[in-house]
$ cat query16.cif   # mmCIF, C-alpha atoms
data_structure
loop_
_atom_site.label_atom_id
_atom_site.label_comp_id
_atom_site.auth_asym_id
_atom_site.auth_seq_id
_atom_site.Cartn_x
_atom_site.Cartn_y
_atom_site.Cartn_z
CA MET F 1 9.74 15.54 24.32
CA THR F 2 6.61 13.61 25.22
CA GLU F 3 4.14 12.51 22.54
CA LEU F 4 0.61 11.20 22.68
CA ARG F 5 -0.22 8.45 20.24
CA ILE F 6 -3.74 7.22 19.40
CA ASP F 7 -4.35 3.57 18.55
CA PHE F 8 -7.20 4.07 16.07
CA ALA F 9 -7.76 0.32 15.80
CA ALA F 10 -8.67 0.27 19.50
CA CYS F 11 -10.38 3.69 19.77
CA ASP F 12 -14.18 3.63 20.02
CA GLY F 13 -14.62 7.39 20.22
CA HIS F 14 -15.68 7.59 23.88
CA GLY F 15 -14.34 11.15 24.00
CA ALA F 16 -12.49 11.24 27.33
CA CYS F 17 -9.28 12.40 25.62
CA THR F 18 -10.88 15.18 23.61
CA ASP F 19 -12.64 16.44 26.79
CA LEU F 20 -9.44 16.40 28.83
CA LEU F 21 -7.07 17.73 26.19
CA PRO F 22 -8.99 20.25 24.08
CA ASP F 23 -5.75 22.11 23.30
CA LEU F 24 -4.24 19.01 21.69
CA LEU F 25 -7.19 17.02 20.35
CA VAL F 26 -10.49 17.76 18.68
CA ALA F 27 -13.41 15.38 18.12
CA ASP F 28 -14.24 14.75 14.45
CA ASP F 29 -17.77 14.44 13.01
CA TRP F 30 -18.14 10.99 14.54
CA GLY F 31 -16.53 11.67 17.93
CA PHE F 32 -13.10 10.24 17.19
CA PRO F 33 -10.05 12.26 18.25
CA ALA F 34 -8.00 14.18 15.71
CA VAL F 35 -4.68 15.81 16.52
CA ARG F 36 -4.98 19.58 16.23
CA GLY F 37 -2.84 20.68 13.32
CA GLY F 38 -2.85 17.17 11.86
CA GLY F 39 -0.40 14.30 12.07
CA ARG F 40 -0.40 10.96 13.83
CA ARG F 41 0.97 12.11 17.19
CA ALA F 42 0.41 15.10 19.46
CA VAL F 43 3.41 16.72 21.14
CA VAL F 44 2.50 17.21 24.81
CA PRO F 45 3.81 20.42 26.38
CA ASP F 46 5.04 20.10 30.00
CA GLY F 47 2.04 22.04 31.29
CA LEU F 48 -0.35 19.39 29.93
CA LEU F 49 1.61 16.30 31.01
CA ALA F 50 -0.57 15.62 34.07
CA ARG F 51 -3.76 15.84 32.03
CA ALA F 52 -2.32 13.71 29.29
CA ARG F 53 -1.46 11.02 31.86
CA GLU F 54 -5.02 11.23 33.16
CA ALA F 55 -6.38 10.84 29.62
CA GLU F 56 -4.15 7.81 29.06
CA ARG F 57 -5.43 6.27 32.31
CA LEU F 58 -9.10 7.13 31.71
CA CYS F 59 -9.42 5.88 28.14
CA PRO F 60 -11.90 2.99 28.51
CA VAL F 61 -10.24 0.97 25.74
CA LEU F 62 -6.61 1.93 26.53
CA ALA F 63 -6.16 3.46 23.09
CA LEU F 64 -3.80 6.23 24.23
CA ARG F 65 -0.06 5.89 24.77
CA LEU F 66 2.31 8.52 26.10
CA GLY F 67 5.90 8.10 25.06
CA SER F 68 9.05 10.03 24.36
CA SER F 69 9.64 11.09 20.79
CA ARG F 70 12.87 10.43 19.01
CA GLY F 71 14.72 13.67 18.34
CA MET O 72 17.84 -8.87 -18.60
CA MET O 73 14.15 -8.77 -17.79
CA LEU O 74 12.34 -9.94 -14.70
CA THR O 75 9.80 -12.28 -16.19
CA THR O 76 12.16 -13.93 -18.69
CA SER O 77 14.94 -14.91 -16.30
CA PRO O 78 15.68 -18.64 -16.22
CA ASP O 79 13.79 -20.20 -13.37
CA ARG O 80 15.95 -22.70 -11.54
CA PRO O 81 16.97 -22.46 -7.89
CA ALA O 82 20.39 -20.79 -7.93
CA GLY O 83 21.55 -21.36 -4.36
CA THR O 84 21.52 -17.84 -2.98
CA ALA O 85 21.77 -18.74 0.73
CA GLY O 86 24.89 -16.83 1.61
CA VAL O 87 25.50 -13.73 -0.51
CA PRO O 88 27.60 -11.82 2.04
CA ASP O 89 27.26 -8.39 0.43
CA LEU O 90 23.55 -8.53 -0.43
CA ILE O 91 22.70 -5.39 1.54
CA ASP O 92 25.51 -3.50 -0.24
CA ARG O 93 24.15 -4.71 -3.57
CA LEU O 94 20.65 -3.57 -2.60
CA ARG O 95 21.99 -0.20 -1.50
CA ARG O 96 24.05 0.31 -4.67
CA SER O 97 21.09 -0.58 -6.88
CA GLY O 98 18.82 1.75 -4.87
CA LEU O 99 16.09 -0.90 -4.93
CA GLN O 100 12.76 0.39 -3.62
CA GLY O 101 9.86 -1.82 -2.56
CA ARG O 102 7.35 -2.56 -5.34
CA GLY O 103 4.28 -3.21 -3.21
CA GLY O 104 3.24 0.45 -3.18
CA ALA O 105 5.18 2.12 -0.36
CA ALA O 106 8.44 2.32 -2.41
CA ARG O 107 10.65 2.19 0.70
CA PRO O 108 14.41 1.52 0.27
CA VAL O 109 14.93 -2.22 0.76
CA ALA O 110 18.52 -2.11 2.04
CA ALA O 111 17.58 -0.02 5.08
CA GLU O 112 14.74 -2.37 5.99
CA LEU O 113 16.91 -5.47 5.85
CA ASP O 114 19.59 -3.67 7.85
CA ARG O 115 17.11 -2.91 10.59
CA VAL O 116 15.75 -6.44 10.89
CA ARG O 117 19.30 -7.81 10.86
CA ALA O 118 20.22 -5.46 13.70
CA ALA O 119 17.16 -6.70 15.65
CA GLY O 120 18.96 -10.03 16.03
CA PRO O 121 18.81 -13.61 14.75
CA GLY O 122 15.68 -15.75 14.61
CA GLY O 123 13.75 -13.45 12.32
CA VAL O 124 11.35 -14.12 9.46
CA VAL O 125 11.21 -12.94 5.85
CA VAL O 126 7.62 -12.79 4.60
CA VAL O 127 7.00 -12.81 0.84
CA ASN O 128 3.89 -10.70 0.29
CA GLY O 129 1.94 -12.07 -2.68
CA VAL O 130 -1.50 -11.01 -1.46
CA GLU O 131 -1.88 -8.47 -4.30
CA GLY O 132 -5.17 -7.15 -2.96
CA GLU O 133 -5.20 -4.26 -5.43
CA PRO O 134 -8.08 -5.27 -7.72
CA LEU O 135 -6.39 -4.33 -11.00
CA SER O 136 -2.92 -5.71 -10.26
CA ARG O 137 -1.65 -8.98 -11.77
CA LYS O 138 2.13 -8.52 -11.76
CA ASP O 139 2.85 -10.47 -8.58
CA ALA O 140 0.71 -13.46 -9.58
CA THR O 141 2.49 -13.36 -12.96
CA LEU O 142 5.92 -13.47 -11.31
CA LEU O 143 4.90 -16.27 -8.95
CA THR O 144 3.64 -18.24 -11.93
CA THR O 145 6.57 -17.61 -14.29
CA VAL O 146 9.62 -17.23 -12.01
CA PRO O 147 8.76 -18.65 -8.56
CA HIS O 148 12.34 -19.82 -7.96
CA LEU O 149 13.67 -16.32 -8.63
CA VAL O 150 11.28 -14.94 -5.99
CA LEU O 151 12.33 -17.66 -3.54
CA ASP O 152 16.03 -17.09 -4.32
CA GLY O 153 15.56 -13.44 -3.39
CA ALA O 154 13.69 -14.30 -0.20
CA VAL O 155 16.25 -16.93 0.86
CA ALA O 156 19.14 -14.55 0.14
CA ALA O 157 17.42 -11.89 2.25
CA ALA O 158 16.74 -14.40 5.03
CA THR O 159 20.35 -15.61 5.26
CA THR O 160 21.56 -12.01 5.22
CA VAL O 161 19.41 -11.02 8.20
CA GLY O 162 19.94 -14.32 10.05
CA ALA O 163 16.33 -15.47 9.61
CA PRO O 164 15.76 -19.25 9.56
CA ASP O 165 12.35 -18.96 7.89
CA VAL O 166 10.81 -17.62 4.70
CA VAL O 167 7.01 -17.54 4.64
CA VAL O 168 5.26 -16.95 1.32
CA CYS O 169 1.73 -15.58 1.69
CA ALA O 170 -0.01 -15.51 -1.69
CA ALA O 171 -3.55 -15.11 -3.00
CA ALA O 172 -5.23 -18.36 -4.00
CA GLY O 173 -4.75 -19.13 -7.70
CA PRO O 174 -2.09 -20.28 -10.17
CA GLY O 175 0.58 -18.12 -8.48
CA LEU O 176 0.08 -19.82 -5.14
CA GLU O 177 0.11 -23.26 -6.76
CA ALA O 178 3.26 -22.45 -8.74
CA VAL O 179 5.21 -21.17 -5.75
CA ARG O 180 4.06 -24.10 -3.64
CA ARG O 181 5.32 -26.50 -6.31
CA ALA O 182 8.58 -24.55 -6.59
CA ALA O 183 9.12 -24.65 -2.81
CA GLY O 184 8.92 -28.45 -3.04
CA GLU O 185 11.56 -28.50 -5.79
CA ARG O 186 14.26 -26.54 -3.95
CA GLY O 187 16.16 -29.69 -3.05
CA GLY O 188 18.32 -28.41 -0.21
CA VAL O 189 19.79 -25.35 -2.01
CA ASP O 190 18.59 -23.06 0.76
CA GLY O 191 21.02 -24.13 3.48
CA PRO O 192 19.53 -23.55 6.90
CA VAL O 193 16.52 -21.58 5.60
CA HIS O 194 13.08 -23.23 5.52
CA VAL O 195 10.50 -22.07 2.99
CA HIS O 196 6.80 -22.19 3.96
CA VAL O 197 3.85 -21.36 1.70
CA VAL O 198 0.48 -20.14 3.05
CA ALA O 199 -2.72 -19.05 1.26
CA ALA O 200 -3.63 -15.40 1.89
CA ALA O 201 -6.83 -14.07 3.41
CA PRO O 202 -9.03 -12.37 0.80
CA GLY O 203 -9.51 -8.62 0.60
CA PHE O 204 -7.74 -5.41 -0.30
CA VAL O 205 -6.57 -4.56 3.22
CA ALA O 206 -5.34 -8.14 3.85
CA GLY O 207 -2.24 -7.24 1.83
CA GLN O 208 -1.12 -4.52 4.26
CA GLU O 209 2.04 -5.85 5.86
CA SER O 210 0.91 -6.05 9.48
CA ALA O 211 -2.40 -7.59 8.31
CA VAL O 212 -0.40 -10.28 6.48
CA VAL O 213 1.49 -11.03 9.68
CA ALA O 214 -1.76 -11.11 11.71
CA HIS O 215 -3.18 -13.63 9.23
CA LEU O 216 -0.04 -15.79 9.40
CA ASP O 217 -0.28 -15.66 13.20
CA GLY O 218 -3.81 -17.06 12.96
CA PHE O 219 -5.73 -13.84 13.63
CA ALA O 220 -8.07 -11.84 11.41
CA ALA O 221 -6.13 -10.16 8.60
CA ARG O 222 -6.31 -6.65 10.03
CA PRO O 223 -3.62 -3.98 10.24
CA ARG O 224 -1.95 -3.47 13.60
CA GLY O 225 -2.91 -0.31 15.46
CA THR O 226 -0.37 -0.27 18.26
CA GLY O 227 2.46 1.16 16.20
CA VAL O 228 4.88 -1.58 17.35
CA PRO O 229 7.02 -2.12 14.23
CA LEU O 230 7.27 -5.57 12.65
CA TRP O 231 11.09 -5.51 12.75
CA ARG O 232 10.82 -5.37 16.53
CA SER O 233 7.95 -7.83 16.98
CA GLY O 234 6.36 -9.47 13.96
CA LEU O 235 5.35 -13.04 13.16
CA ALA O 236 5.14 -14.97 16.45
CA GLY O 237 6.91 -12.01 18.08
CA ARG O 238 10.02 -12.48 15.93
CA PRO O 239 11.83 -9.72 14.01
CA THR O 240 10.02 -9.68 10.68
CA VAL O 241 10.40 -8.04 7.31
CA VAL O 242 7.57 -8.22 4.77
CA LYS O 243 8.53 -7.67 1.14
CA ASN O 244 6.48 -7.73 -2.02
CA VAL O 245 6.91 -10.55 -4.59
CA GLU O 246 8.41 -8.28 -7.25
CA THR O 247 10.80 -6.70 -4.74
CA LEU O 248 12.12 -10.16 -3.83
CA ALA O 249 12.36 -11.22 -7.51
CA ARG O 250 14.61 -8.19 -8.02
CA THR O 251 16.53 -9.12 -4.86
CA GLY O 252 16.92 -12.59 -6.39
CA LEU O 253 18.54 -11.08 -9.49
CA LEU O 254 20.87 -9.02 -7.29
CA ALA O 255 21.81 -12.17 -5.35
CA ARG O 256 22.38 -14.19 -8.53
CA HIS O 257 24.09 -11.62 -10.77
CA GLY O 258 24.88 -8.51 -8.72
CA HIS O 259 22.49 -6.30 -10.66
CA GLN O 260 18.79 -5.96 -11.42
CA PRO O 261 17.07 -4.26 -14.37
CA ASP O 262 16.23 -0.56 -14.13
CA THR O 263 12.64 -1.21 -15.15
CA VAL O 264 9.12 -0.94 -13.78
CA LEU O 265 6.71 -3.84 -13.97
CA LEU O 266 3.22 -2.64 -14.83
CA THR O 267 -0.27 -4.07 -14.93
CA LEU O 268 -2.03 -2.20 -17.71
CA ALA O 269 -5.79 -2.36 -17.24
CA THR O 270 -7.31 -2.47 -20.72
CA ALA O 271 -10.85 -3.01 -21.94
CA ALA O 272 -9.76 -6.55 -22.89
CA GLY O 273 -8.40 -7.29 -19.40
CA PRO O 274 -5.14 -6.84 -17.50
CA ARG O 275 -1.81 -6.94 -19.35
CA VAL O 276 1.51 -7.24 -17.48
CA LEU O 277 4.47 -5.48 -19.09
CA GLU O 278 7.97 -4.44 -18.11
CA VAL O 279 9.31 -1.12 -19.39
CA PRO O 280 12.48 0.89 -18.74
CA ALA O 281 12.10 3.08 -15.64
CA GLY O 282 11.35 6.65 -16.66
CA SER O 283 9.56 5.71 -19.91
CA ALA O 284 6.96 8.29 -20.88
CA LEU O 285 3.44 7.09 -20.04
CA ASP O 286 1.92 8.29 -23.32
CA VAL O 287 4.64 6.56 -25.38
CA VAL O 288 4.04 3.26 -23.56
CA LEU O 289 0.26 3.51 -24.05
CA ASP O 290 0.73 4.33 -27.75
CA ARG O 291 3.03 1.36 -28.24
CA GLU O 292 0.54 -0.90 -26.50
CA GLY O 293 -2.18 0.39 -28.79
CA VAL O 294 -4.29 1.71 -25.91
CA ALA O 295 -6.27 4.85 -26.73
CA THR O 296 -6.74 7.07 -23.70
CA GLY O 297 -9.67 9.28 -22.76
CA ALA O 298 -9.44 12.11 -20.25
CA GLY O 299 -6.73 10.69 -18.01
CA VAL O 300 -4.95 7.78 -16.35
CA LEU O 301 -5.16 6.42 -12.83
CA LEU O 302 -1.55 5.58 -11.88
CA GLY O 303 -0.89 3.17 -9.02
CA GLY O 304 -4.34 1.62 -8.94
CA TYR O 305 -7.20 2.19 -6.52
CA HIS O 306 -4.73 3.66 -4.04
CA GLY O 307 -3.25 5.75 -6.83
CA THR O 308 -3.29 9.22 -8.31
CA TRP O 309 -5.00 10.60 -11.39
CA THR O 310 -3.07 12.33 -14.11
CA PRO O 311 -4.73 14.11 -17.06
CA SER O 312 -3.96 12.71 -20.51
CA ASP O 313 -2.21 15.84 -21.73
CA VAL O 314 0.48 15.58 -19.04
CA THR O 315 3.58 13.50 -19.81
CA VAL O 316 4.49 11.40 -16.80
CA PRO O 317 7.77 9.46 -16.51
CA LEU O 318 7.01 5.96 -15.23
CA THR O 319 9.30 5.86 -12.21
CA VAL O 320 8.76 3.65 -9.15
CA ASP O 321 7.62 6.68 -7.20
CA ALA O 322 5.03 7.44 -9.88
CA VAL O 323 3.64 3.96 -10.49
CA ARG O 324 3.97 2.56 -6.93
CA ALA O 325 2.39 -0.93 -7.15
CA GLY O 326 2.48 -0.67 -10.94
CA VAL O 327 -1.18 -0.42 -11.95
CA VAL O 328 -1.95 1.80 -14.95
CA ARG O 329 -5.65 2.33 -15.57
CA PRO O 330 -6.35 4.59 -18.59
CA LEU O 331 -9.82 6.05 -19.02
CA LEU O 332 -11.58 4.95 -22.17
CA ALA O 333 -12.84 7.58 -24.61
CA GLY O 334 -16.04 9.00 -23.14
CA GLU O 335 -15.43 7.55 -19.70
CA CYS O 336 -15.93 10.14 -16.94
CA PRO O 337 -13.03 10.34 -14.45
CA LEU O 338 -15.40 11.31 -11.65
CA ALA O 339 -17.69 8.35 -12.34
CA VAL O 340 -14.72 5.96 -12.29
CA THR O 341 -13.49 7.60 -9.07
CA ALA O 342 -16.91 6.99 -7.49
CA VAL O 343 -16.75 3.30 -8.45
CA VAL O 344 -13.21 3.05 -7.05
CA VAL O 345 -14.18 4.73 -3.78
CA GLY O 346 -17.19 2.43 -3.48
CA HIS O 347 -14.85 -0.53 -3.70
CA LEU O 348 -12.44 1.01 -1.19
CA ALA O 349 -15.24 1.77 1.28
CA ALA O 350 -16.46 -1.82 1.02
CA ALA O 351 -12.87 -3.03 1.51
CA SER O 352 -12.50 -1.29 4.88
CA VAL O 353 -12.14 -3.84 7.67
CA ARG O 354 -14.07 -1.41 9.93
CA GLN O 355 -11.43 -1.39 12.58
CA CYS O 356 -10.79 2.36 12.88
CA GLY O 357 -13.55 4.98 13.26
CA PRO O 358 -12.44 7.51 10.64
CA CYS O 359 -12.24 4.77 7.98
CA THR O 360 -15.48 3.04 9.06
CA PHE O 361 -17.51 6.26 8.92
CA GLY O 362 -15.44 8.43 6.61
CA LEU O 363 -15.12 6.15 3.57
CA PRO O 364 -18.91 5.63 3.15
CA ARG O 365 -19.39 9.41 3.30
CA LEU O 366 -16.56 9.89 0.81
CA HIS O 367 -18.33 7.39 -1.46
CA GLN O 368 -21.73 9.13 -1.17
CA LEU O 369 -20.22 12.56 -1.91
CA THR O 370 -18.18 11.24 -4.85
CA LEU O 371 -21.26 9.51 -6.28
CA ALA O 372 -23.24 12.75 -5.95
CA LEU O 373 -20.43 14.68 -7.67
CA ALA O 374 -20.30 12.17 -10.55
CA ALA O 375 -24.10 12.37 -10.91
CA GLY O 376 -23.99 16.18 -11.12
CA ARG O 377 -25.84 16.56 -7.81
CA LEU O 378 -23.10 18.29 -5.76
CA ASP O 379 -23.06 22.10 -5.40
CA ALA O 380 -20.14 24.28 -4.24
CA ASP O 381 -20.88 23.52 -0.59
CA GLY O 382 -20.94 19.82 -1.40
CA VAL O 383 -17.55 19.99 -3.09
CA HIS O 384 -16.24 21.82 -0.03
CA GLU O 385 -17.67 19.07 2.17
CA LEU O 386 -15.98 16.46 -0.05
CA ARG O 387 -12.62 18.18 0.43
CA ARG O 388 -13.20 18.43 4.18
CA THR O 389 -14.00 14.69 4.36
CA VAL O 390 -10.75 13.97 2.52
CA GLY O 391 -8.95 15.86 5.31
CA LEU O 392 -10.67 13.78 8.03
CA LEU O 393 -9.13 10.60 6.61
CA VAL O 394 -5.45 11.51 6.68
CA ASP O 395 -3.12 10.13 9.39
CA ARG O 396 -5.99 8.64 11.36
CA GLY O 397 -5.89 4.89 10.95
CA ALA O 398 -3.92 1.77 11.82
CA CYS O 399 -3.00 1.54 8.13
CA ARG O 400 -2.94 3.85 5.11
CA HIS O 401 -6.16 2.62 3.53
CA PRO O 402 -8.14 5.76 4.46
CA ASP O 403 -5.25 8.08 3.55
CA ALA O 404 -4.71 6.47 0.17
CA SER O 405 -8.44 6.36 -0.60
CA ALA O 406 -8.72 10.05 0.23
CA ARG O 407 -5.67 10.79 -1.92
CA THR O 408 -7.27 9.09 -4.92
CA VAL O 409 -10.30 11.40 -4.59
CA ALA O 410 -8.17 14.49 -3.95
CA SER O 411 -6.11 13.74 -7.06
CA ALA O 412 -9.28 13.53 -9.17
CA LEU O 413 -10.31 17.00 -7.95
CA THR O 414 -6.83 18.33 -8.78
CA ALA O 415 -6.42 16.58 -12.15
CA PHE O 416 -9.87 17.36 -13.55
CA PRO O 417 -10.92 20.84 -12.32
CA ALA O 418 -12.88 21.60 -15.51
CA GLU O 419 -14.77 18.30 -15.16
CA VAL O 420 -15.60 19.12 -11.53
CA ALA O 421 -16.89 22.56 -12.57
CA ALA O 422 -18.97 21.00 -15.38
CA HIS O 423 -20.51 18.46 -13.00
CA ARG O 424 -21.48 21.24 -10.61
CA ARG O 425 -23.60 22.52 -13.52
CA GLY O 426 -24.93 19.03 -14.16
CA ALA O 427 -22.82 18.45 -17.30
CA CYS O 428 -20.07 15.94 -18.17
CA LEU O 429 -17.18 16.95 -20.46
CA ALA O 430 -16.09 13.36 -21.13
CA ALA O 431 -19.54 12.36 -22.36
CA ARG O 432 -19.83 15.55 -24.42
CA ALA O 433 -16.42 14.92 -26.07
CA VAL O 434 -17.66 11.57 -27.38
CA ALA O 435 -21.03 12.90 -28.50
CA ALA O 436 -19.34 15.73 -30.47
#
$ encode --input "query16.cif" --output "structure tokens"
Amino acid sequence: MTELRIDFAACDGHGACTDLLPDLLVADDWGFPAVRGGGRRAVVPDGLLARAREAERLCPVLALRLGSSRG
Amino acid sequence: MMLTTSPDRPAGTAGVPDLIDRLRRSGLQGRGGAARPVAAELDRVRAAGPGGVVVVNGVEGEPLSRKDATLLTTVPHLVLDGAVAAATTVGAPDVVVCAAAGPGLEAVRRAAGERGGVDGPVHVHVVAAAPGFVAGQESAVVAHLDGFAARPRGTGVPLWRSGLAGRPTVVKNVETLARTGLLARHGHQPDTVLLTLATAAGPRVLEVPAGSALDVVLDREGVATGAGVLLGGYHGTWTPSDVTVPLTVDAVRAGVVRPLLAGECPLAVTAVVVGHLAAASVRQCGPCTFGLPRLHQLTLALAAGRLDADGVHELRRTVGLLVDRGACRHPDASARTVASALTAFPAEVAAHRRGACLAARAVAA
């Protein structure tokens, strides 16, 4: 399973990820991404993998990381 | 056997082969606040390979806590014995003590100079901590020791994989390592909790059997309690006075017990606490940078009787915005402190929505 992790220390709230992945992420009151349903990581369904890779690449501060989850 | 009254001479604990078994049997949990099992953490850093580091966390950024400074002052060799035993067990050649400036730092520095070769291949280093609440978070301690600003790490790379100077690192609280020292010396450690009781006359450090009833301990200490008690400190949880709480590690976390005085309003104290926590943010992560000041404003308004039902709803929503959204747990824990006030004192919240204060009224009556 692939997961999307946000580095909140790096994130400046540019909003590319919340625009590209509205099914997974929502912008909070200040424009910072929040995982829909809560938690620190978003599970990326296969159908959204390409978009998630694009979001990872387009984040201006490289605050997104795709990785495989354990178990 | 008590922690603070153990004899304080270096005991030569470099090389206790079954230390991790002893830790596991005793069920020792960390005493810095997170209460994680210590055996599992040492196991993991040992498995990461030799060349690691054991960091003794004596930053004690929690404003009301004094237990770690007390241990460093009274039993520095016990703390170092625990750290050296842990270091030899995980194959780490270095122990680094990072402690807040003050008598504790001076005492442990002096003690490190008195070890006289009892630590085998392990070197003990002592470094003054960066100031601030968040500087005590474990990855912030490592950042400080590496020469960077004392800020928590956001990448999620665990310290056991890459910590101080990229080496496998385990950061343990002073009290945790004092208890580890007793396990290394004697094979057992006391089933107690070490508390800092915040009284009107100042902080008082005391050790009580784990599971003691909070109200019994407060009675014995001669501390009269108002509407409730903040357990665990600024990153703690409120409990109303009429609830009997057993003082376990999971309940007291970093050990701070802050009773309300008679007439003191829990919501007003919460507002002061949140103000401190908002100021303590290192402004690294957006939700903390923007969310904590709003949490402070809303809590102040609630305490002043200026928050209506919509405002209370907005306060609860802001709490939700702070969970699981930072490099460290500062926003989560700050939000939890506020949420616990709303849960523990529902009648006080309702009274404040009408512009009244039950705590003040109780004293006036």
$ closest_residue --input "query16.cif" --among "F:Arg40, F:Val35, F:Leu64, F:Asp28" --to "Cys11 (chain F)" --atoms "all atoms listed in the file"
F:Leu64
$ atom_distance --input "query16.cif" --atom1 "CA of Gly86 (chain O)" --atom2 "CA of Val155 (chain O)"
8.7 Å
$ interface_residues --input "query16.cif" --of "chain O" --to "chain F" --cutoff "8 Å" --atoms "all atoms listed in the file" --output "list of chain:residue names"
O:Arg224, O:Gly225, O:Thr226, O:Gly227, O:Gln355, O:Cys356, O:Gly357, O:Pro358, O:Phe361, O:Leu392, O:Val394, O:Asp395, O:Arg396, O:Gly397, O:Ala398
$ resolve_selection --input "query16.cif" --expression "the PyMOL selection byres ((chain F and resi 23) around 12)" --output "ChimeraX atom specification"
/F:17-22,24-27,33-37,42-45,47-48,51-52
$ atom_distance --input "query16.cif" --atom1 "CA of Ala435 (chain O)" --atom2 "CA of Ala333 (chain O)"
10.5 Å
$ resolve_selection --input "query16.cif" --expression "the PyMOL selection byres ((chain O and resi 108-123) around 6)" --output "number ranges by chain"
O: 91, 94-95, 99-100, 107, 124, 161-163, 231, 238-240
$ residues_near_point --input "query16.cif" --point "(-15.7, 18.1, -1.5)" --cutoff "9 Å" --atoms "all atoms listed in the file" --output "mmCIF file with C-alpha atoms, keeping the file's coordinate frame"
data_model
loop_
_atom_site.group_PDB
_atom_site.id
_atom_site.type_symbol
_atom_site.label_atom_id
_atom_site.label_comp_id
_atom_site.auth_asym_id
_atom_site.auth_seq_id
_atom_site.Cartn_x
_atom_site.Cartn_y
_atom_site.Cartn_z
ATOM 1 C CA LEU O 366 -16.560 9.890 0.810
ATOM 2 C CA LEU O 369 -20.220 12.560 -1.910
ATOM 3 C CA THR O 370 -18.180 11.240 -4.850
ATOM 4 C CA LEU O 373 -20.430 14.680 -7.670
ATOM 5 C CA LEU O 378 -23.100 18.290 -5.760
ATOM 6 C CA ALA O 380 -20.140 24.280 -4.240
ATOM 7 C CA ASP O 381 -20.880 23.520 -0.590
ATOM 8 C CA GLY O 382 -20.940 19.820 -1.400
ATOM 9 C CA VAL O 383 -17.550 19.990 -3.090
ATOM 10 C CA HIS O 384 -16.240 21.820 -0.030
ATOM 11 C CA GLU O 385 -17.670 19.070 2.170
ATOM 12 C CA LEU O 386 -15.980 16.460 -0.050
ATOM 13 C CA ARG O 387 -12.620 18.180 0.430
ATOM 14 C CA ARG O 388 -13.200 18.430 4.180
ATOM 15 C CA THR O 389 -14.000 14.690 4.360
ATOM 16 C CA VAL O 390 -10.750 13.970 2.520
ATOM 17 C CA ALA O 410 -8.170 14.490 -3.950
ATOM 18 C CA LEU O 413 -10.310 17.000 -7.950
#
$ axis_aligned_box --input "query16.cif" --around "region 304-310 of chain O" --padding-each-side "3 Å" --output "lines of an AutoDock Vina configuration file"
center_x = -5.1
center_y = 7.0
center_z = -9.1
size_x = 10.1
size_y = 16.7
size_z = 16.1
$ atom_distance --input "query16.cif" --atom1 "CA of Thr270 (chain O)" --atom2 "CA of Ala172 (chain O)"
23.2 Å
$ residues_around --input "query16.cif" --residues "Ala182 (chain O)" --least-positions-apart "4" --cutoff "9 Å" --atoms "all atoms listed in the file" --output "MDAnalysis selection string"
chainID O and resid 81 147:148 151 177:178 186
$ resolve_selection --input "query16.cif" --expression "the PyMOL selection byres ((chain O and resi 420) around 12)" --output "PyMOL selection string"
chain O and resi 336-339+341+370+372-380+382-384+386+409-419+421-430
